[in-house]
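Structure file data-v6.txt (compact mmCIF, C-alpha atoms and all ligand atoms) follows.
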# COMPACT_ATOMS: atom_id res chain seq x y z
CA MET A 155 -27.11 2.29 6.55
CA PRO A 156 -25.35 5.20 4.81
CA SER A 157 -24.48 4.65 1.14
CA SER A 158 -20.99 3.95 -0.22
CA LYS A 159 -20.84 7.56 -1.38
CA GLU A 160 -21.58 8.82 2.13
CA PHE A 161 -18.95 6.56 3.71
CA ILE A 162 -16.36 7.81 1.25
CA GLU A 163 -17.27 11.43 1.95
CA MET A 164 -16.87 10.81 5.69
CA ASP A 165 -13.42 9.23 5.14
CA LEU A 166 -12.30 12.20 3.12
CA LYS A 167 -13.71 14.76 5.56
CA TYR A 168 -12.40 13.25 8.80
CA GLY A 169 -9.45 11.10 7.72
CA ALA A 170 -6.04 12.37 6.62
CA HIS A 171 -5.60 11.80 2.90
CA ASN A 172 -2.59 9.53 3.23
CA TYR A 173 -4.07 6.98 0.81
CA HIS A 174 -5.80 7.29 -2.55
CA PRO A 175 -8.21 4.34 -2.37
CA ILE A 176 -10.27 2.89 -5.15
CA PRO A 177 -13.79 4.26 -4.60
CA VAL A 178 -15.34 1.14 -3.14
CA VAL A 179 -16.57 0.57 0.41
CA ILE A 180 -16.36 -2.90 1.91
CA SER A 181 -18.84 -3.72 4.62
CA LYS A 182 -18.80 -7.52 4.64
CA ALA A 183 -16.37 -10.23 3.56
CA GLU A 184 -16.07 -13.99 3.36
CA GLY A 185 -13.30 -16.08 1.80
CA CYS A 186 -12.18 -14.44 -1.45
CA TRP A 187 -15.25 -12.22 -1.72
CA VAL A 188 -16.13 -8.81 -0.30
CA TYR A 189 -19.40 -6.88 -0.41
CA ASP A 190 -20.26 -3.17 -0.46
CA PRO A 191 -23.13 -1.64 1.54
CA GLU A 192 -25.37 -1.85 -1.53
CA GLY A 193 -24.76 -5.61 -1.65
CA LYS A 194 -22.52 -5.68 -4.73
CA LYS A 195 -20.00 -8.52 -4.64
CA TYR A 196 -16.30 -8.27 -5.58
CA LEU A 197 -13.46 -10.77 -5.88
CA ASP A 198 -10.63 -9.53 -3.66
CA CYS A 199 -7.43 -9.69 -5.70
CA LEU A 200 -5.37 -7.66 -3.26
CA SER A 201 -6.00 -9.52 0.02
CA ALA A 202 -5.09 -6.45 2.12
CA TYR A 203 -1.63 -6.47 0.56
CA SER A 204 -1.25 -10.24 1.11
CA SER A 205 -2.58 -10.21 4.66
CA GLN A 206 -5.68 -12.25 3.81
CA ASN A 207 -3.86 -15.44 2.72
CA THR A 208 -6.34 -17.60 4.64
CA GLY A 209 -9.36 -15.76 3.20
CA HIS A 210 -11.56 -13.14 4.85
CA CYS A 211 -13.08 -14.09 8.19
CA HIS A 212 -11.77 -17.66 8.19
CA PRO A 213 -14.21 -19.36 10.62
CA GLU A 214 -11.47 -21.01 12.69
CA ILE A 215 -9.55 -17.75 13.08
CA ILE A 216 -12.70 -15.85 14.06
CA LYS A 217 -13.53 -18.62 16.54
CA ALA A 218 -10.04 -18.39 18.08
CA LEU A 219 -10.38 -14.59 18.24
CA LYS A 220 -13.77 -14.75 19.95
CA GLU A 221 -12.77 -17.46 22.42
CA GLN A 222 -9.65 -15.57 23.42
CA ALA A 223 -11.57 -12.28 23.63
CA ASP A 224 -13.72 -13.85 26.33
CA LYS A 225 -10.67 -14.83 28.39
CA VAL A 226 -7.95 -12.18 28.32
CA THR A 227 -6.93 -9.81 25.52
CA LEU A 228 -4.10 -7.57 26.69
CA THR A 229 -1.75 -7.74 29.66
CA SER A 230 1.19 -5.70 28.39
CA ARG A 231 4.64 -7.21 28.77
CA ALA A 232 4.79 -6.02 32.36
CA PHE A 233 3.40 -9.50 33.10
CA HIS A 234 3.52 -12.87 31.42
CA ASN A 235 0.44 -14.26 29.72
CA ASP A 236 -0.42 -17.86 28.95
CA MET A 237 -0.62 -17.40 25.16
CA MET A 238 2.60 -15.69 24.10
CA GLY A 239 4.95 -18.56 25.01
CA PRO A 240 2.98 -21.25 23.14
CA TYR A 241 2.64 -18.90 20.15
CA LEU A 242 6.35 -18.06 20.01
CA LYS A 243 7.24 -21.73 20.41
CA GLN A 244 5.02 -22.62 17.46
CA LEU A 245 6.42 -19.73 15.40
CA CYS A 246 10.04 -20.68 16.17
CA ASP A 247 9.35 -24.37 15.46
CA ILE A 248 7.88 -23.53 12.06
CA VAL A 249 10.32 -20.81 10.99
CA GLY A 250 13.40 -22.28 12.70
CA PRO A 251 14.30 -24.86 10.02
CA HIS A 252 14.44 -21.97 7.49
CA VAL A 253 16.86 -19.84 9.55
CA TYR A 254 20.66 -19.95 9.17
CA ASP A 255 21.94 -21.10 12.53
CA PRO A 256 25.44 -22.45 11.97
CA LYS A 257 26.31 -22.47 15.68
CA LYS A 258 23.01 -24.22 16.50
CA THR A 259 22.22 -21.65 19.19
CA GLY A 260 18.47 -22.08 18.74
CA ILE A 261 15.67 -19.86 17.46
CA MET A 262 13.98 -16.95 19.24
CA ALA A 263 11.39 -14.40 18.20
CA LEU A 264 10.44 -10.87 19.19
CA PRO A 265 6.71 -10.19 18.78
CA MET A 266 5.48 -6.85 17.43
CA ASN A 267 2.33 -5.65 15.68
CA THR A 268 2.78 -4.03 12.28
CA GLY A 269 5.22 -4.84 9.51
CA ALA A 270 7.05 -1.54 9.87
CA GLU A 271 7.58 -2.31 13.55
CA ALA A 272 9.08 -5.69 12.70
CA VAL A 273 11.48 -3.95 10.30
CA GLU A 274 12.41 -1.30 12.88
CA THR A 275 12.94 -4.05 15.43
CA GLY A 276 15.10 -6.03 13.02
CA LEU A 277 17.24 -2.96 12.33
CA LYS A 278 17.74 -2.34 16.05
CA VAL A 279 18.63 -5.99 16.65
CA ALA A 280 21.10 -5.95 13.75
CA ARG A 281 22.81 -2.84 15.08
CA ALA A 282 22.92 -4.22 18.63
CA TRP A 283 24.35 -7.52 17.37
CA GLY A 284 26.85 -5.56 15.32
CA TYR A 285 28.16 -3.64 18.33
CA ILE A 286 27.94 -6.41 20.92
CA LYS A 287 28.90 -9.51 18.93
CA LYS A 288 30.70 -8.30 15.81
CA LYS A 289 32.49 -5.57 17.79
CA ILE A 290 31.76 -2.78 15.34
CA PRO A 291 33.02 0.49 16.90
CA ARG A 292 30.07 2.36 18.51
CA GLY A 293 28.20 4.60 16.11
CA GLU A 294 29.83 3.07 13.03
CA ALA A 295 27.40 0.24 12.13
CA LYS A 296 26.18 0.30 8.54
CA ILE A 297 23.19 -1.52 7.09
CA ILE A 298 22.91 -2.03 3.34
CA VAL A 299 19.44 -1.89 1.74
CA CYS A 300 18.07 -2.07 -1.81
CA GLY A 301 16.74 0.50 -4.23
CA ASP A 302 12.96 0.37 -4.82
CA ASN A 303 12.51 -1.34 -1.46
CA PHE A 304 9.32 -1.12 0.53
CA HIS A 305 9.64 -1.79 4.24
CA GLY A 306 6.98 0.51 5.69
CA ARG A 307 6.51 4.17 6.53
CA THR A 308 8.29 5.13 9.75
CA ILE A 309 10.87 7.92 9.63
CA THR A 310 13.80 5.50 9.58
CA ILE A 311 12.20 3.31 6.96
CA VAL A 312 11.18 6.09 4.57
CA GLY A 313 14.70 7.44 5.05
CA LEU A 314 16.16 4.27 3.58
CA SER A 315 13.65 4.19 0.74
CA THR A 316 14.50 5.41 -2.75
CA ASP A 317 11.07 7.08 -2.71
CA ILE A 318 12.82 9.88 -0.84
CA GLN A 319 13.76 10.94 -4.35
CA HIS A 320 10.09 11.53 -5.03
CA ALA A 321 8.09 14.53 -3.92
CA ARG A 322 6.01 12.50 -1.49
CA TYR A 323 8.91 11.94 0.87
CA PHE A 324 11.61 14.36 -0.19
CA GLY A 325 12.02 17.30 2.09
CA ASN A 326 8.93 16.88 4.19
CA PHE A 327 10.05 14.19 6.61
CA GLY A 328 13.81 14.57 7.02
CA PRO A 329 16.30 14.54 8.57
CA PHE A 330 16.55 10.77 8.34
CA THR A 331 18.40 8.13 10.35
CA PRO A 332 22.02 7.79 9.19
CA GLY A 333 23.89 4.53 8.67
CA PHE A 334 22.07 3.10 5.63
CA ILE A 335 23.53 2.54 2.19
CA ILE A 336 21.25 1.91 -0.77
CA ILE A 337 22.41 -0.38 -3.60
CA PRO A 338 20.50 -1.61 -6.70
CA TYR A 339 18.20 -4.61 -6.15
CA GLY A 340 19.24 -7.90 -7.71
CA ASP A 341 22.96 -7.06 -8.07
CA ALA A 342 24.96 -9.41 -5.84
CA GLN A 343 28.33 -8.15 -7.08
CA LYS A 344 27.36 -4.64 -6.04
CA LEU A 345 26.62 -5.95 -2.54
CA GLU A 346 30.11 -7.43 -2.24
CA ASN A 347 31.75 -4.29 -3.66
CA THR A 348 29.79 -2.08 -1.26
CA ILE A 349 30.72 -4.22 1.76
CA LEU A 350 34.38 -3.94 0.73
CA GLU A 351 34.12 -0.18 0.15
CA ILE A 352 32.56 0.42 3.58
CA GLY A 353 34.88 -2.08 5.25
CA PRO A 354 33.32 -5.44 6.13
CA GLU A 355 34.15 -4.92 9.80
CA ASN A 356 31.56 -2.10 9.99
CA VAL A 357 28.70 -3.69 8.07
CA ALA A 358 26.07 -5.17 10.40
CA ALA A 359 23.43 -6.34 7.93
CA PHE A 360 21.93 -6.48 4.47
CA LEU A 361 18.16 -5.96 4.42
CA VAL A 362 16.34 -7.29 1.35
CA GLU A 363 12.96 -8.47 0.09
CA PRO A 364 13.34 -11.82 -1.71
CA ILE A 365 10.71 -10.51 -4.15
CA GLN A 366 9.94 -6.79 -4.12
CA GLY A 367 6.16 -6.65 -3.73
CA GLU A 368 5.34 -2.96 -3.65
CA ALA A 369 7.93 -2.21 -6.33
CA GLY A 370 5.69 -4.24 -8.66
CA VAL A 371 6.43 -7.90 -7.89
CA LYS A 372 10.06 -7.66 -8.95
CA ILE A 373 11.74 -11.05 -8.95
CA PRO A 374 15.55 -10.93 -8.70
CA PRO A 375 17.74 -12.85 -11.16
CA GLU A 376 17.98 -16.61 -10.60
CA GLY A 377 20.72 -17.37 -8.07
CA TYR A 378 20.65 -13.90 -6.46
CA LEU A 379 19.54 -15.14 -3.05
CA LYS A 380 22.21 -17.87 -3.01
CA LYS A 381 24.88 -15.34 -3.95
CA ILE A 382 23.90 -12.79 -1.30
CA ARG A 383 23.80 -15.59 1.28
CA ARG A 384 27.38 -16.54 0.37
CA ILE A 385 28.55 -12.92 0.52
CA CYS A 386 26.87 -12.22 3.86
CA THR A 387 28.38 -15.38 5.36
CA LYS A 388 31.84 -14.51 3.97
CA TYR A 389 31.86 -11.06 5.63
CA ASN A 390 29.86 -11.92 8.78
CA VAL A 391 27.03 -9.63 7.67
CA LEU A 392 23.50 -10.54 8.77
CA LEU A 393 21.15 -11.44 5.93
CA MET A 394 17.80 -9.93 7.01
CA VAL A 395 14.90 -10.80 4.76
CA ASP A 396 11.67 -8.89 4.78
CA GLU A 397 9.09 -11.60 4.09
CA ILE A 398 6.25 -9.51 5.46
CA GLN A 399 4.48 -9.72 2.10
CA THR A 400 6.08 -12.79 0.52
CA GLY A 401 6.14 -15.00 3.61
CA LEU A 402 3.65 -17.64 4.73
CA CYS A 403 2.95 -19.44 1.46
CA ARG A 404 2.17 -16.41 -0.75
CA THR A 405 4.78 -17.29 -3.39
CA GLY A 406 4.11 -21.03 -3.41
CA LYS A 407 6.57 -21.98 -0.67
CA LEU A 408 6.44 -21.24 3.03
CA PHE A 409 8.97 -18.46 2.37
CA ALA A 410 10.16 -16.88 -0.88
CA CYS A 411 13.75 -17.69 0.20
CA ASP A 412 12.84 -21.39 -0.03
CA HIS A 413 12.72 -21.11 -3.83
CA GLU A 414 16.54 -20.97 -3.71
CA ASN A 415 16.89 -23.04 -0.52
CA VAL A 416 18.44 -20.04 1.16
CA LYS A 417 18.39 -19.61 4.91
CA PRO A 418 18.63 -16.01 6.10
CA ASP A 419 19.89 -15.00 9.52
CA MET A 420 16.69 -13.15 10.28
CA PHE A 421 13.09 -13.19 9.08
CA LEU A 422 10.81 -10.18 9.35
CA LEU A 423 7.21 -11.38 9.29
CA GLY A 424 3.83 -9.68 9.48
CA LYS A 425 0.63 -9.34 7.46
CA ALA A 426 -0.77 -12.91 7.03
CA LEU A 427 0.61 -13.90 10.43
CA GLY A 428 -2.36 -12.00 11.84
CA GLY A 429 -4.83 -14.13 9.89
CA GLY A 430 -6.35 -11.05 8.28
CA VAL A 431 -7.95 -9.96 11.52
CA TYR A 432 -5.31 -8.46 13.75
CA PRO A 433 -1.89 -6.79 13.35
CA VAL A 434 0.74 -9.38 14.27
CA SER A 435 4.39 -9.18 13.27
CA ALA A 436 7.62 -10.74 14.45
CA VAL A 437 11.36 -10.88 14.09
CA VAL A 438 12.54 -14.48 14.02
CA THR A 439 16.26 -15.18 14.26
CA THR A 440 18.85 -17.08 16.26
CA THR A 441 19.67 -16.85 19.96
CA GLU A 442 23.16 -15.81 18.84
CA ILE A 443 21.61 -12.69 17.25
CA ILE A 444 18.70 -11.79 19.53
CA GLY A 445 19.55 -13.67 22.74
CA PRO A 446 19.76 -12.17 26.24
CA ASP A 447 23.31 -10.92 25.66
CA VAL A 448 22.00 -8.69 22.82
CA ILE A 449 18.43 -7.67 23.62
CA THR A 450 18.07 -6.82 27.28
CA PRO A 451 15.04 -5.58 29.25
CA GLY A 452 14.02 -2.08 28.25
CA THR A 453 15.99 -1.97 25.01
CA HIS A 454 12.89 -2.66 22.93
CA GLY A 455 9.20 -3.20 23.43
CA SER A 456 5.59 -2.62 22.54
CA THR A 457 2.56 -2.51 24.82
CA PHE A 458 0.59 -4.69 22.39
CA GLY A 459 3.39 -6.96 21.08
CA GLY A 460 2.78 -10.59 22.05
CA ASN A 461 -0.67 -9.92 23.50
CA PRO A 462 -2.92 -12.96 24.08
CA LEU A 463 -5.43 -12.02 21.38
CA ALA A 464 -2.66 -11.63 18.80
CA ALA A 465 -1.11 -14.91 19.91
CA ALA A 466 -4.41 -16.81 19.60
CA VAL A 467 -5.02 -15.44 16.12
CA ALA A 468 -1.46 -16.00 14.91
CA MET A 469 -1.37 -19.60 16.15
CA LYS A 470 -4.56 -20.36 14.26
CA SER A 471 -3.31 -18.56 11.17
CA LEU A 472 -0.07 -20.58 11.20
CA ASP A 473 -2.06 -23.82 11.65
CA ILE A 474 -4.27 -23.03 8.68
CA HIS A 475 -1.39 -22.06 6.39
CA ILE A 476 0.13 -25.47 7.05
CA ASN A 477 -2.94 -27.70 7.45
CA GLU A 478 -4.69 -26.34 4.35
CA ASN A 479 -1.48 -26.71 2.28
CA LEU A 480 -1.65 -23.07 1.24
CA ALA A 481 1.88 -23.09 -0.21
CA GLU A 482 0.99 -25.91 -2.58
CA ARG A 483 -2.32 -24.28 -3.47
CA ALA A 484 -0.62 -20.94 -4.18
CA ARG A 485 1.97 -22.72 -6.33
CA GLU A 486 -0.56 -24.66 -8.42
CA VAL A 487 -3.26 -22.05 -8.81
CA GLY A 488 -0.70 -19.27 -9.22
CA ALA A 489 1.08 -21.08 -12.06
CA TYR A 490 -2.28 -21.49 -13.81
CA PHE A 491 -3.21 -17.82 -13.27
CA ILE A 492 0.14 -16.62 -14.68
CA LYS A 493 -0.09 -18.97 -17.70
CA GLU A 494 -3.60 -17.76 -18.55
CA LEU A 495 -2.71 -14.09 -18.00
CA ARG A 496 0.17 -14.52 -20.46
CA LYS A 497 -2.29 -15.88 -23.05
CA ILE A 498 -4.51 -12.84 -22.56
CA THR A 499 -1.67 -10.33 -22.73
CA ASN A 500 -0.42 -11.92 -25.95
CA LYS A 501 -3.53 -10.43 -27.56
CA LYS A 502 -3.71 -6.75 -28.56
CA THR A 503 -4.22 -4.85 -25.31
CA LYS A 504 -5.55 -1.31 -24.89
CA VAL A 505 -2.24 -0.32 -23.30
CA PRO A 506 0.80 -2.32 -24.43
CA VAL A 507 2.01 -4.91 -21.92
CA LYS A 508 5.64 -4.96 -20.85
CA GLU A 509 5.60 -8.17 -18.84
CA VAL A 510 3.54 -10.65 -16.84
CA ARG A 511 5.50 -11.95 -13.87
CA GLY A 512 4.86 -13.60 -10.58
CA ARG A 513 5.51 -16.44 -8.22
CA GLY A 514 2.72 -18.38 -6.57
CA LEU A 515 -0.16 -15.97 -6.06
CA LEU A 516 1.94 -12.80 -6.08
CA ILE A 517 1.41 -11.76 -9.67
CA ALA A 518 1.75 -8.58 -11.71
CA ILE A 519 1.07 -7.32 -15.19
CA GLU A 520 3.34 -4.42 -16.04
CA PHE A 521 2.01 -2.14 -18.77
CA LYS A 522 3.80 0.54 -20.75
CA GLY A 523 1.34 3.18 -19.57
CA ASP A 524 -0.98 4.23 -16.77
CA VAL A 525 -3.39 1.55 -15.47
CA ARG A 526 -5.64 3.43 -13.06
CA HIS A 527 -8.53 3.27 -15.58
CA PHE A 528 -8.12 -0.53 -15.79
CA ILE A 529 -8.29 -0.76 -12.00
CA GLU A 530 -11.51 1.27 -11.92
CA ASN A 531 -12.97 -0.73 -14.77
CA LEU A 532 -12.11 -4.03 -13.05
CA LYS A 533 -13.84 -2.72 -9.95
CA GLU A 534 -16.97 -1.87 -11.95
CA LYS A 535 -17.00 -5.46 -13.21
CA GLY A 536 -16.45 -7.02 -9.77
CA ILE A 537 -12.68 -7.41 -9.27
CA LEU A 538 -10.69 -5.47 -6.71
CA ALA A 539 -7.04 -5.13 -7.63
CA LYS A 540 -4.52 -2.35 -7.07
CA ASP A 541 -1.87 -0.67 -9.14
CA THR A 542 1.68 -0.24 -7.95
CA HIS A 543 3.69 2.63 -9.38
CA SER A 544 0.79 3.47 -11.76
CA THR A 545 1.85 1.07 -14.56
CA THR A 546 1.56 -2.30 -12.83
CA ILE A 547 -1.52 -4.21 -11.73
CA ARG A 548 -0.91 -6.64 -8.92
CA PHE A 549 -3.07 -9.74 -8.47
CA ALA A 550 -2.70 -11.30 -5.02
CA PRO A 551 -5.98 -13.02 -4.10
CA PRO A 552 -6.41 -15.09 -0.93
CA LEU A 553 -4.53 -18.38 -1.27
CA ILE A 554 -7.77 -20.33 -0.90
CA ILE A 555 -8.97 -19.09 -4.30
CA THR A 556 -10.20 -21.84 -6.61
CA LYS A 557 -9.44 -22.41 -10.30
CA GLU A 558 -13.11 -21.68 -11.06
CA GLU A 559 -12.88 -18.30 -9.35
CA ILE A 560 -9.72 -17.56 -11.33
CA ASP A 561 -11.44 -18.53 -14.58
CA TRP A 562 -14.24 -16.10 -13.71
CA ALA A 563 -11.67 -13.35 -13.05
CA LEU A 564 -9.72 -14.10 -16.24
CA LYS A 565 -12.79 -13.45 -18.41
CA ILE A 566 -13.23 -10.03 -16.81
CA ILE A 567 -9.53 -9.17 -16.98
CA GLU A 568 -9.55 -10.04 -20.70
CA ASP A 569 -12.66 -7.95 -21.23
CA VAL A 570 -11.06 -4.96 -19.50
CA ILE A 571 -7.54 -4.95 -20.94
CA VAL A 572 -7.89 -6.46 -24.44
CA GLU A 573 -8.97 -4.21 -27.31
C1 LIG B 1 7.68 -6.05 2.24
C2 LIG B 1 6.96 -5.18 3.22
N1 LIG B 1 7.57 -4.82 4.35
C3 LIG B 1 6.96 -4.05 5.27
C4 LIG B 1 5.68 -3.60 5.07
C5 LIG B 1 5.03 -2.71 6.10
O1 LIG B 1 4.02 -3.37 6.77
P1 LIG B 1 2.91 -2.54 7.59
O2 LIG B 1 2.08 -1.81 6.59
O3 LIG B 1 2.14 -3.58 8.36
O4 LIG B 1 3.66 -1.60 8.50
C6 LIG B 1 5.00 -3.94 3.90
C7 LIG B 1 3.63 -3.46 3.64
O5 LIG B 1 3.14 -3.44 2.53
C8 LIG B 1 5.67 -4.75 2.95
O6 LIG B 1 5.06 -5.12 1.80

Would you kindly transcribe this structure into structure tokens?
Ligand SMILES: Cc1ncc(COP(=O)(O)O)c(C=O)c1O
Amino acid sequence: MPSSKEFIEMDLKYGAHNYHPIPVVISKAEGCWVYDPEGKKYLDCLSAYSSQNTGHCHPEIIKALKEQADKVTLTSRAFHNDMMGPYLKQLCDIVGPHVYDPKKTGIMALPMNTGAEAVETGLKVARAWGYIKKKIPRGEAKIIVCGDNFHGRTITIVGLSTDIQHARYFGNFGPFTPGFIIIPYGDAQKLENTILEIGPENVAAFLVEPIQGEAGVKIPPEGYLKKIRRICTKYNVLLMVDEIQTGLCRTGKLFACDHENVKPDMFLLGKALGGGVYPVSAVVTTTEIIGPDVITPGTHGSTFGGNPLAAAVAMKSLDIHINENLAERAREVGAYFIKELRKITNKKTKVPVKEVRGRGLLIAIEFKGDVRHFIENLKEKGILAKDTHSTTIRFAPPLIITKEEIDWALKIIEDVIVE
């Protein structure tokens, strides 16, 4: 087998340099642990950006994948298959009680593959609902989004990102899709003011992450979600939450919105839905919003969305999240991890610490300086974590991680960051 160095050289020679990975090659994985070709073992504290909630290669998910692979894998939506319906029923049954459905029209889902596709789909649905149901004049629908958001990398999505201010997006990918207004994250009053400035009759939706993951695990002020819910209801604006990273138990509840008992109009889900083995995403909302009078044949689609293999994997992933009580585990173990990290960061660190924050097992240490050297040092000592925005280290291990594994990690983290 080629060495790690050779694999990295091949990536760099033949693959576009659209990522700047930590120089480690993973060739095997199980649970919370991954292995390089030389056999060195690492604790995965990134979980493929929260996609590996159930742990790498969960035996039941792999079994479901293999069994389905032997039957039928892809039909396209030109035909029905015998897996999509049961999967969507299960998804709607689980997510439904968390969705705002005042007219009790019922819950429906639209299956896609990647997170960015779920966001794009949600934006299209919101606009269509705006024109068809809210009677916004054609071409006038506005969607409000937040500064520092991360919703993916398509043209529309990077266009509504504040990263367009940075060199990596600015100039090279425009012109962008019009109709989006960016307001600061966590400021409910600003949302109401902006709706009033635009004219509530033309605002279709507000798109928000209940915790901003990629921005560095930014938790909004207490009560923010309740307030934005009230404002959206008052002006008949859809509350669309991107729980692609925070959803499915990551923050210690099934959804991050549950921490404030807030029910959005629409969930955007992805990552862990695919059980860490397959891209599976979905928009879950009410029949009022996505029903046959809004989304009609040909208005949206994906060759792979809702395919039988994806459905088999997603059903098993949902089962495991619930049957293994992953929300409760994330809540308990996460609280312990955060408490112990705070003890460590109270000591004199090599780079001063600004804050330790987190909810469940979505945790970050924000430093007052660059942390890339910490990341590389952690890797040398057997922990894979990733920086966001160069000053923040995010810790988001699989939700099956044990207290003993966290204790092992804490010793290394202390060794790396404390003077
Ligand atoms: C909150 C959020 N939304 C959307 C996405 C995009 O998902 P994907 O990379 O599957 O397109 C991500 C990915 O990190 C995310 O964290």

Give the residue list for ligand LIG 1 (chain B) at 7 Å, counting all atoms listed in the file, as a list of chain:residue names, sorted by chain and then by residue number. A:Tyr203, A:Thr268, A:Gly269, A:Ala270, A:Glu271, A:Val273, A:Phe304, A:His305, A:Gly306, A:Arg307, A:Glu363, A:Gln366, A:Gly367, A:Glu368, A:Asp396, A:Glu397, A:Ile398, A:Gln399, A:Gly424, A:Lys425

Shell of 8 Å around A:Thr546, only C-alpha atoms, local chain residues under 2 positions omitted, as a list in words: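 The contact residues come out as Gly370, Ala518, Ile519, Glu520, Phe521, Val525, Asp541, Thr542, His543, Ser544 and Arg548 of chain A.
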
Write out as JSON an axis-aligned box for stretch 435-441 of chain A: all of its atoms listed in the file, 8 Å added on each side, centre and edge lengths in Å with one decimal.
{"center_x": 12.0, "center_y": -13.1, "center_z": 16.6, "size_x": 31.3, "size_y": 23.9, "size_z": 22.7}

Can you work out which one of A:Val510, A:Ala465, A:Val448, A:Ile297 has the shortest atom-to-atom distance to A:Ile352, counting only C-alpha atoms? A:Ile297

Sorted per-residue table, stretch 269-317 of chain A near stretch 335-350 of chain A, closest atoms and distance, 6 Å, only C-alpha atoms, as a Markdown table:
| residue | atom | partner | partner_atom | distance |
| --- | --- | --- | --- | --- |
| A:Ile298 | CA | A:Ile335 | CA | 4.8 |
| A:Val299 | CA | A:Ile336 | CA | 4.9 |
| A:Cys300 | CA | A:Ile337 | CA | 5.0 |
| A:Gly301 | CA | A:Pro338 | CA | 5.0 |

Dump C-alpha atoms for the selected residues as a PDB file, in the frame of the given file?
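Everything below was put into selection.pdb:
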ATOM      1  CA  ILE A 298      22.910  -2.030   3.340  1.00  0.00           C
ATOM      2  CA  VAL A 299      19.440  -1.890   1.740  1.00  0.00           C
ATOM      3  CA  CYS A 300      18.070  -2.070  -1.810  1.00  0.00           C
ATOM      4  CA  GLY A 301      16.740   0.500  -4.230  1.00  0.00           C
TER       5      GLY A 301
END
